[in-house]
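Structure first, commentary second.
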Amino acid sequence: MSSVDFRRSRHRGMALAIVVWFIAGMSVLVAGIVSHVRMDTRMTQLHVARAKVAAAGDGAMQLMMADVINGRLSHQDGFMPREVYELGSLAVTVTLVPSTGLVDINTASAGLLTSLFKLAGGLDVTQAKTVADNMVKWRSGVSAGSDRNKPRRFVALEDLLRIEGVNRSLLDSVRDYVVAGEPSRRGSTWSGAADAVLDILRESYPQQAESALRQRQRLMEAGNTSGSPAGSPVGSGIVRVDAIVRYGDQSWLRRRWVSMSPETGSSLPWSTRRTEAARVVDIQK
């Protein structure tokens with residue numbers, strides 16, 4: 001092979017390599033663009049779903065509050081009012097949970113907190129007791145190197161993340177059973193608690209749990225089927241309003257904390273204290 005032919009062959013080889021590398025580079029670029037577009041599409045779908053769920057949940061919660069005020073509830077879920085509303089193509093199940101029927105993380109004893117983290121949080125007894133003790137110490141203001149301890153309060157449920165041993169997963173496991181901040185200032189009325197909360201109470205204080213069940217039964221017998229039972233804690237104070245929205249193949253939760261007292265300047269006989277972002281939940285929980 002002459003030197004000219006050799007150079008031509010080498011140049012063709014280099015050109016072919018450049019073409020191959022160019023095609024490979026373009027393939028990677030196209031794959032990245034496609035992945036980005038798919039990600040943007042999923043994010044857009046998520047935002048649309050969250051917006052629709054929030055709108056449906058908010059509308060159903062307003063209808064529920066109006067029905068509570070006017071005594072038009074058709075049935076109860078145990079001791080708690082529950083209704084299903086159809087908003088367009090979406091069915092929304094709304095339940096009112098008295099804040100006084102939840103575990104107050106600002107005042108609950110170490111024993112009750114241990115039961116909470118064991119039964120609702122899924123921790124073993126030793127871990128549950130450790131976290132409960134850490135919470136009690138935090139509330140009392142105990143800190144290393146300090147001679148003067150100033151009591152502290154949990155203003156929001158997310159404050160639990162300040163406690164050693166509590167992570168996001170544990171918080172999400174117990175958030176449906178507890179209350180903090182303003183709603184917790186009214187103390188506990190266990191007769192208004194859900195069965196799952198009474199199970200937690202029963203492990204630490206069985207007599208209180210049985211007494212609460214008897215009190216609940218008396219209140220329900222004194223009530224009627226068209227509204228809240230007579231003496232129900234739903235009738236005053238702050239309630240948690242849960243709206244479960246079925247959207248596609250998922251169940252979403254939209255939650256509000258509502259005071260049964262009107263807000264200044266508002267024509268509504270109730271006021272919203274806090275609204276939580278809609279999130280996907282496991283309804284089997």
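Ordered as shown in the structure tokens, chains take letters A, B, and onward, while each chain numbers its residues from 1 and ligands are numbered from 1 in the order shown.
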Sel. of strand (DSSP E) residues, region 49-273 of chain A, as a compact mmCIF listing (two decimals) with C-alpha atoms, in the first residue's frame:
```txt
# COMPACT_ATOMS: atom_id res chain seq x y z
CA GLN A 76 -71.94 8.84 62.05
CA ASP A 77 -68.65 6.96 61.67
CA MET A 80 -67.50 11.06 64.47
CA PRO A 81 -69.69 12.67 61.79
CA ARG A 82 -68.93 11.40 58.29
CA GLU A 83 -70.47 12.22 54.91
CA VAL A 84 -69.79 11.45 51.25
CA TYR A 85 -70.10 14.29 48.74
CA GLU A 86 -70.08 14.13 44.95
CA LEU A 87 -68.23 17.03 43.35
CA LEU A 90 -64.99 12.97 42.28
CA ALA A 91 -66.38 11.33 45.41
CA VAL A 92 -65.13 12.90 48.63
CA THR A 93 -65.53 11.29 52.05
CA VAL A 94 -65.32 13.87 54.84
CA THR A 95 -64.89 13.00 58.51
CA LEU A 96 -64.84 15.35 61.50
CA VAL A 97 -62.42 14.39 64.25
CA PRO A 98 -62.62 16.28 67.57
CA VAL A 103 -53.28 12.30 71.91
CA ASP A 104 -52.00 15.70 73.03
CA VAL A 178 -51.96 13.25 67.73
CA VAL A 179 -52.56 16.96 68.15
CA ILE A 238 -61.46 22.89 67.21
CA VAL A 239 -62.04 19.90 64.96
CA ARG A 240 -59.87 18.18 62.38
CA VAL A 241 -61.64 17.85 59.06
CA ASP A 242 -60.35 15.02 56.85
CA ALA A 243 -61.39 14.85 53.19
CA ILE A 244 -60.46 11.65 51.37
CA VAL A 245 -60.59 12.16 47.61
CA ARG A 246 -60.36 9.24 45.20
CA TYR A 247 -58.53 10.46 42.10
CA GLN A 250 -55.00 6.79 44.36
CA SER A 251 -56.59 8.14 47.51
CA TRP A 252 -55.62 11.65 48.58
CA LEU A 253 -56.05 13.35 51.94
CA ARG A 254 -56.86 17.05 52.28
CA ARG A 255 -56.92 18.13 55.93
CA ARG A 256 -57.99 21.23 57.80
CA TRP A 257 -58.10 22.29 61.41
CA VAL A 258 -61.28 24.29 61.95
CA SER A 259 -62.56 26.30 64.88
CA SER A 271 -62.99 29.61 60.87
CA THR A 272 -60.08 27.69 59.33
CA ARG A 273 -56.97 27.64 61.50
```
Item to check | region 133-141 of chain A environment, 7 Å, only C-alpha atoms, sequence neighbours closer than 6 positions dropped, as a list in words | outcome: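 Near neighbours after the sequence-gap exclusion: Ala110, Asn149, Lys150, Pro151, Arg152, Arg153, Ile163 and Glu164 of chain A.
Comparing A:Gln207, A:Asn106, A:Thr264, A:Thr100 by their smallest distance to Ser191 (chain A), the closest is A:Thr100 (using only C-alpha atoms).
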Next on the checklist: For the structure I just gave you, how does DSSP split region 75-278 of chain A - specifically, which residues are helix (DSSP H, G or I)? Reply as a PyMOL selection string.
Outcome noted: chain A and resi 99-101+110-119+125-140+157-162+168-174+182-186+190-192+195-204+206-222+233-235
Checklist entry - With distances taken over only C-alpha atoms, which of A:Gly71, A:Gly101, A:Gly88, A:Gly57 is nearest to Ala194 (chain A)? => result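 Ranked by minimum distance to Ala194 (chain A), first place goes to A:Gly101.
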Checklist entry - Which is closest to Trp190 (chain A) among A:Ala108, A:Ala277, A:Ala120, A:Leu102, if we use only C-alpha atoms? => result A:Leu102
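Our summary of the geometry notes that CA of Asp58 (chain A) is positioned 10.8 Å from CA of Glu276 (chain A).
Counting only C-alpha atoms, Glu210 (chain A) has the following residues at most 12 Å away, ignoring those fewer than 4 positions along the same chain: Trp190, Ser191, Ala193, Asp195, Leu198, Asp199, Leu201, Arg202, Glu203, Ser204, Tyr205, Pro206, Arg214, Gln215, Arg216 and Gln217 of chain A.
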Item to check | Selection: 12 Å around region 121-130 of chain A, only C-alpha atoms, excl. self and same-chain fewer than 3 positions, as an NGL selection string | outcome: :A and (109-118 or 133-137 or 163-178 or 200 or 285)
Item to check | Computed interatomic separation between CA of Gly248 (chain A) and CA of Val280 (chain A) (Å) | outcome: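 The value is 11.4 Å.
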Item to check | For Arg218 (chain A), the nearest of the candidates A:Ala156, A:Ala51, A:Gly192, A:Val197, counting only C-alpha atoms | outcome: A:Gly192
Item to check | Nearest candidate to Val131 (chain A) (options A:Leu161, A:Ala55, A:Leu213, A:Ala278; using only C-alpha atoms) | outcome: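 Once distances to Val131 (chain A) are computed over only C-alpha atoms, the minimum belongs to A:Leu161.
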Checklist entry - Which residue gives the smallest distance to Ser89 (chain A) among A:Gly237, A:Lys52, A:Leu219, A:Trp270, with only C-alpha atoms counted? => result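 The closest residue to Ser89 (chain A) is A:Lys52.
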